[in-house]
>>> print(open('input_11.pdb').read())   # PDB, C-alpha atoms
MODEL        1
ATOM      1  CA  MET U   1     -28.005 -39.600 -97.060  1.00  0.00           C
ATOM      2  CA  LYS U   2     -27.892 -35.766 -96.815  1.00  0.00           C
ATOM      3  CA  LYS U   3     -30.671 -35.837 -94.211  1.00  0.00           C
ATOM      4  CA  LEU U   4     -28.644 -38.244 -92.037  1.00  0.00           C
ATOM      5  CA  ASN U   5     -25.570 -35.963 -92.226  1.00  0.00           C
ATOM      6  CA  LYS U   6     -27.668 -32.944 -91.145  1.00  0.00           C
ATOM      7  CA  ILE U   7     -28.980 -34.899 -88.143  1.00  0.00           C
ATOM      8  CA  LYS U   8     -25.425 -35.947 -87.186  1.00  0.00           C
ATOM      9  CA  LEU U   9     -24.208 -32.344 -87.543  1.00  0.00           C
ATOM     10  CA  ALA U  10     -27.070 -31.030 -85.396  1.00  0.00           C
ATOM     11  CA  GLY U  11     -26.351 -33.678 -82.765  1.00  0.00           C
ATOM     12  CA  MET U  12     -22.654 -32.758 -82.675  1.00  0.00           C
ATOM     13  CA  ILE U  13     -23.495 -29.062 -82.246  1.00  0.00           C
ATOM     14  CA  VAL U  14     -25.828 -29.818 -79.332  1.00  0.00           C
ATOM     15  CA  LEU U  15     -23.196 -32.075 -77.723  1.00  0.00           C
ATOM     16  CA  MET U  16     -20.521 -29.389 -78.075  1.00  0.00           C
ATOM     17  CA  ALA U  17     -22.807 -26.750 -76.558  1.00  0.00           C
ATOM     18  CA  LEU U  18     -23.628 -28.971 -73.565  1.00  0.00           C
ATOM     19  CA  THR U  19     -19.961 -29.842 -73.021  1.00  0.00           C
ATOM     20  CA  SER U  20     -18.972 -26.168 -73.146  1.00  0.00           C
ATOM     21  CA  ALA U  21     -21.688 -25.197 -70.633  1.00  0.00           C
ATOM     22  CA  THR U  22     -20.614 -27.958 -68.279  1.00  0.00           C
ATOM     23  CA  PHE U  23     -16.963 -26.862 -68.238  1.00  0.00           C
ATOM     24  CA  THR U  24     -17.874 -23.189 -67.824  1.00  0.00           C
ATOM     25  CA  SER U  25     -20.096 -23.820 -64.790  1.00  0.00           C
ATOM     26  CA  CYS U  26     -17.513 -26.081 -63.109  1.00  0.00           C
ATOM     27  CA  GLU U  27     -14.799 -23.457 -63.482  1.00  0.00           C
ATOM     28  CA  LYS U  28     -16.802 -20.874 -61.539  1.00  0.00           C
ATOM     29  CA  GLU U  29     -18.231 -23.162 -58.862  1.00  0.00           C
ATOM     30  CA  GLY U  30     -18.034 -21.493 -55.439  1.00  0.00           C
ATOM     31  CA  CYS U  31     -17.627 -17.974 -56.851  1.00  0.00           C
ATOM     32  CA  THR U  32     -20.193 -15.269 -57.319  1.00  0.00           C
ATOM     33  CA  ASP U  33     -20.608 -14.014 -60.878  1.00  0.00           C
ATOM     34  CA  SER U  34     -21.707 -10.547 -59.717  1.00  0.00           C
ATOM     35  CA  ASN U  35     -18.315  -9.674 -58.208  1.00  0.00           C
ATOM     36  CA  ALA U  36     -15.593  -9.554 -60.865  1.00  0.00           C
ATOM     37  CA  ASN U  37     -12.761  -9.542 -58.312  1.00  0.00           C
ATOM     38  CA  ASN U  38     -13.576 -13.150 -57.448  1.00  0.00           C
ATOM     39  CA  TYR U  39     -11.658 -14.344 -60.535  1.00  0.00           C
ATOM     40  CA  ASN U  40      -8.024 -14.254 -61.582  1.00  0.00           C
ATOM     41  CA  ASP U  41      -7.144 -13.252 -65.145  1.00  0.00           C
ATOM     42  CA  ASP U  42      -7.087 -16.937 -66.079  1.00  0.00           C
ATOM     43  CA  GLY U  43     -10.657 -17.450 -64.819  1.00  0.00           C
ATOM     44  CA  THR U  44      -9.757 -19.388 -61.676  1.00  0.00           C
ATOM     45  CA  CYS U  45     -11.714 -18.709 -58.507  1.00  0.00           C
ATOM     46  CA  THR U  46     -10.292 -16.374 -55.843  1.00  0.00           C
ATOM     47  CA  TYR U  47     -13.270 -16.605 -53.486  1.00  0.00           C
ATOM     48  CA  PRO U  48     -11.935 -16.760 -49.907  1.00  0.00           C
ATOM     49  CA  ILE U  49     -12.507 -19.794 -47.731  1.00  0.00           C
ATOM     50  CA  ILE U  50     -13.659 -19.445 -44.117  1.00  0.00           C
ATOM     51  CA  ASN U  51     -13.418 -22.801 -42.311  1.00  0.00           C
ATOM     52  CA  THR U  52     -14.902 -23.064 -38.840  1.00  0.00           C
ATOM     53  CA  SER U  53     -14.499 -25.731 -36.192  1.00  0.00           C
ATOM     54  CA  GLY U  54     -17.531 -27.723 -35.060  1.00  0.00           C
ATOM     55  CA  THR U  55     -18.395 -25.035 -32.497  1.00  0.00           C
ATOM     56  CA  GLY U  56     -17.466 -22.141 -34.790  1.00  0.00           C
ATOM     57  CA  LYS U  57     -15.240 -20.699 -32.090  1.00  0.00           C
ATOM     58  CA  SER U  58     -12.062 -21.288 -34.092  1.00  0.00           C
ATOM     59  CA  GLY U  59     -11.077 -21.732 -37.687  1.00  0.00           C
ATOM     60  CA  ASP U  60      -8.841 -20.966 -40.623  1.00  0.00           C
ATOM     61  CA  ILE U  61      -9.137 -18.485 -43.459  1.00  0.00           C
ATOM     62  CA  SER U  62      -7.524 -18.286 -46.887  1.00  0.00           C
ATOM     63  CA  GLY U  63      -8.009 -16.302 -50.049  1.00  0.00           C
ATOM     64  CA  ALA U  64      -6.471 -15.240 -53.331  1.00  0.00           C
ATOM     65  CA  GLY U  65      -7.927 -11.754 -53.688  1.00  0.00           C
ATOM     66  CA  GLY U  66     -11.674 -12.163 -53.295  1.00  0.00           C
ATOM     67  CA  THR U  67     -14.233 -10.955 -50.753  1.00  0.00           C
ATOM     68  CA  ALA U  68     -16.458 -13.091 -48.493  1.00  0.00           C
ATOM     69  CA  SER U  69     -18.345 -12.942 -45.213  1.00  0.00           C
ATOM     70  CA  LYS U  70     -19.670 -15.618 -42.848  1.00  0.00           C
ATOM     71  CA  THR U  71     -21.932 -15.145 -39.812  1.00  0.00           C
ATOM     72  CA  PHE U  72     -22.713 -17.781 -37.205  1.00  0.00           C
ATOM     73  CA  THR U  73     -23.999 -18.002 -33.631  1.00  0.00           C
ATOM     74  CA  PHE U  74     -22.517 -19.612 -30.545  1.00  0.00           C
ATOM     75  CA  THR U  75     -23.422 -19.914 -26.890  1.00  0.00           C
ATOM     76  CA  ASN U  76     -21.401 -17.821 -24.461  1.00  0.00           C
ATOM     77  CA  SER U  77     -22.190 -18.291 -20.768  1.00  0.00           C
ATOM     78  CA  ASN U  78     -19.760 -15.475 -19.904  1.00  0.00           C
ATOM     79  CA  THR U  79     -20.177 -11.718 -20.394  1.00  0.00           C
ATOM     80  CA  THR U  80     -16.884 -11.387 -22.326  1.00  0.00           C
ATOM     81  CA  ALA U  81     -14.970 -13.424 -24.882  1.00  0.00           C
ATOM     82  CA  VAL U  82     -11.217 -13.982 -25.072  1.00  0.00           C
ATOM     83  CA  TRP U  83     -10.197 -13.756 -28.738  1.00  0.00           C
ATOM     84  CA  ASP U  84      -7.191 -14.210 -31.001  1.00  0.00           C
ATOM     85  CA  MET U  85      -6.703 -13.640 -34.722  1.00  0.00           C
ATOM     86  CA  SER U  86      -3.729 -13.637 -37.084  1.00  0.00           C
ATOM     87  CA  ILE U  87      -2.948 -13.425 -40.793  1.00  0.00           C
ATOM     88  CA  ASP U  88      -0.019 -14.024 -43.110  1.00  0.00           C
ATOM     89  CA  ALA U  89      -1.253 -11.941 -46.018  1.00  0.00           C
ATOM     90  CA  SER U  90       0.065  -9.878 -48.903  1.00  0.00           C
ATOM     91  CA  GLY U  91      -3.182  -7.978 -49.452  1.00  0.00           C
ATOM     92  CA  GLY U  92      -6.630  -7.211 -48.128  1.00  0.00           C
ATOM     93  CA  SER U  93      -8.130  -7.379 -44.667  1.00  0.00           C
ATOM     94  CA  PHE U  94      -9.659  -9.765 -42.124  1.00  0.00           C
ATOM     95  CA  GLN U  95     -12.389  -8.442 -39.809  1.00  0.00           C
ATOM     96  CA  LEU U  96     -13.857 -10.189 -36.745  1.00  0.00           C
ATOM     97  CA  VAL U  97     -17.050  -8.772 -35.190  1.00  0.00           C
ATOM     98  CA  LEU U  98     -18.613 -10.269 -32.050  1.00  0.00           C
ATOM     99  CA  LYS U  99     -22.078  -9.266 -30.832  1.00  0.00           C
ATOM    100  CA  ASP U 100     -23.532 -10.259 -27.471  1.00  0.00           C
ATOM    101  CA  ALA U 101     -26.944 -11.811 -26.795  1.00  0.00           C
ATOM    102  CA  SER U 102     -28.645  -8.389 -26.998  1.00  0.00           C
ATOM    103  CA  GLY U 103     -27.025  -7.605 -30.375  1.00  0.00           C
ATOM    104  CA  THR U 104     -24.512  -5.096 -29.012  1.00  0.00           C
ATOM    105  CA  THR U 105     -21.094  -5.092 -30.698  1.00  0.00           C
ATOM    106  CA  VAL U 106     -18.492  -6.080 -28.099  1.00  0.00           C
ATOM    107  CA  LEU U 107     -15.582  -6.538 -30.541  1.00  0.00           C
ATOM    108  CA  ASP U 108     -14.856  -5.110 -33.978  1.00  0.00           C
ATOM    109  CA  LYS U 109     -11.245  -5.808 -34.964  1.00  0.00           C
ATOM    110  CA  THR U 110      -9.681  -5.641 -38.432  1.00  0.00           C
ATOM    111  CA  LEU U 111      -6.220  -6.817 -39.473  1.00  0.00           C
ATOM    112  CA  THR U 112      -4.943  -5.288 -42.715  1.00  0.00           C
ATOM    113  CA  ALA U 113      -2.067  -6.751 -44.709  1.00  0.00           C
ATOM    114  CA  GLY U 114       0.982  -4.506 -44.846  1.00  0.00           C
ATOM    115  CA  SER U 115      -0.090  -2.155 -42.046  1.00  0.00           C
ATOM    116  CA  GLY U 116       1.848  -3.269 -39.002  1.00  0.00           C
ATOM    117  CA  SER U 117       1.149  -6.304 -36.878  1.00  0.00           C
ATOM    118  CA  GLN U 118      -0.713  -9.155 -38.517  1.00  0.00           C
ATOM    119  CA  ASP U 119      -1.922 -10.680 -35.265  1.00  0.00           C
ATOM    120  CA  ALA U 120      -3.981  -9.482 -32.326  1.00  0.00           C
ATOM    121  CA  ASP U 121      -5.635 -10.841 -29.200  1.00  0.00           C
ATOM    122  CA  GLY U 122      -7.484  -9.673 -26.144  1.00  0.00           C
ATOM    123  CA  THR U 123     -10.774  -9.717 -24.292  1.00  0.00           C
ATOM    124  CA  SER U 124     -13.966  -8.278 -25.728  1.00  0.00           C
ATOM    125  CA  ALA U 125     -15.977  -5.559 -24.035  1.00  0.00           C
ATOM    126  CA  SER U 126     -18.530  -6.795 -21.525  1.00  0.00           C
ATOM    127  CA  GLY U 127     -21.916  -7.823 -22.851  1.00  0.00           C
ATOM    128  CA  ARG U 128     -24.900 -10.025 -22.111  1.00  0.00           C
ATOM    129  CA  SER U 129     -24.390 -13.785 -21.896  1.00  0.00           C
ATOM    130  CA  GLY U 130     -26.418 -16.125 -24.077  1.00  0.00           C
ATOM    131  CA  THR U 131     -26.423 -16.607 -27.850  1.00  0.00           C
ATOM    132  CA  TRP U 132     -23.702 -14.460 -29.423  1.00  0.00           C
ATOM    133  CA  THR U 133     -23.051 -13.753 -33.095  1.00  0.00           C
ATOM    134  CA  ALA U 134     -19.673 -13.810 -34.839  1.00  0.00           C
ATOM    135  CA  THR U 135     -19.110 -12.332 -38.296  1.00  0.00           C
ATOM    136  CA  ILE U 136     -15.902 -12.893 -40.233  1.00  0.00           C
ATOM    137  CA  THR U 137     -15.329 -10.709 -43.287  1.00  0.00           C
ATOM    138  CA  LEU U 138     -12.451 -11.056 -45.736  1.00  0.00           C
ATOM    139  CA  THR U 139     -12.039  -8.146 -48.155  1.00  0.00           C
ATOM    140  CA  LYS U 140      -9.819  -8.572 -51.247  1.00  0.00           C
ATOM    141  CA  PHE U 141      -7.944 -11.006 -49.027  1.00  0.00           C
ATOM    142  CA  ARG U 142      -4.699 -12.616 -50.287  1.00  0.00           C
ATOM    143  CA  GLY U 143      -3.151 -14.996 -47.801  1.00  0.00           C
ATOM    144  CA  SER U 144      -4.069 -17.210 -44.889  1.00  0.00           C
ATOM    145  CA  GLY U 145      -4.827 -16.893 -41.217  1.00  0.00           C
ATOM    146  CA  ASP U 146      -6.765 -18.176 -38.248  1.00  0.00           C
ATOM    147  CA  TYR U 147      -8.979 -17.070 -35.393  1.00  0.00           C
ATOM    148  CA  SER U 148     -10.352 -18.321 -32.080  1.00  0.00           C
ATOM    149  CA  PHE U 149     -12.478 -17.067 -29.218  1.00  0.00           C
ATOM    150  CA  LEU U 150     -13.843 -18.511 -25.969  1.00  0.00           C
TER     151      LEU U 150
ENDMDL
END
>>> encode(input="input_11.pdb", output="structure tokens")
Amino acid sequence: MKKLNKIKLAGMIVLMALTSATFTSCEKEGCTDSNANNYNDDGTCTYPIINTSGTGKSGDISGAGGTASKTFTFTNSNTTAVWDMSIDASGGSFQLVLKDASGTTVLDKTLTAGSGSQDADGTSASGRSGTWTATITLTKFRGSGDYSFL
């Protein structure tokens, strides 16, 4: 009888350990463990979200204090790009960098919460047409926003 109780106890301990590991990994899904500012005090994820349209040329951003970056390519048959970006944020920054087909930076614009206007638009510097690269970086970003370029 004692042997059966020990087996039951061991089984319950293993089950509890597996259950605990499952809940811990679900809580942090989508965050990076190496960057402590990706979590609120209660352990919830603050990792920013960068949503892009099917072409990548427009999208929405949101965050609760974390840092993230996303790079993607798009085809630009022109030598410039018309761009627009805006945020409604209480903290952090939103950076948009566009590079032309030769890898030259033709736009590097950052909006910072609390430092004047939270929207901007314009036309990039002239570059080479072809496959361009866009990089969106959110740094300790708290808020929401959007971007587009043609």
>>> atom_distance(input="input_11.pdb", atom1="CA of Ser93 in chain U", atom2="CA of Ser69 in chain U")
11.6 Å
>>> resolve_selection(input="input_11.pdb", expression="the PyMOL selection byres ((chain U and resi 58) around 12)", output="ChimeraX atom specification")
/U:50-57,59-61,72,74,82-86,96,134,136,145-150
>>> atom_distance(input="input_11.pdb", atom1="CA of Asp100 in chain U", atom2="CA of Arg128 in chain U")
5.5 Å
>>> axis_aligned_box(input="input_11.pdb", around="range 101-107 of chain U", padding_each_side="3 Å", output="JSON")
{"center_x": -22.1, "center_y": -8.5, "center_z": -28.7, "size_x": 19.1, "size_y": 12.7, "size_z": 9.9}
>>> resolve_selection(input="input_11.pdb", expression="the PyMOL selection byres ((chain U and resi 75) around 6)", output="CSV table (one decimal) with C-alpha atoms, keeping the file's coordinate frame")
chain,number,residue,atom,x,y,z
U,74,PHE,CA,-22.5,-19.6,-30.5
U,76,ASN,CA,-21.4,-17.8,-24.5
U,130,GLY,CA,-26.4,-16.1,-24.1
U,131,THR,CA,-26.4,-16.6,-27.8
>>> atom_distance(input="input_11.pdb", atom1="CA of Ile87 in chain U", atom2="CA of Trp132 in chain U")
23.7 Å
>>> closest_residue(input="input_11.pdb", among="U:Thr80, U:Ser62, U:Thr67, U:Thr110", to="Ser129 in chain U", atoms="all atoms listed in the file")
U:Thr80
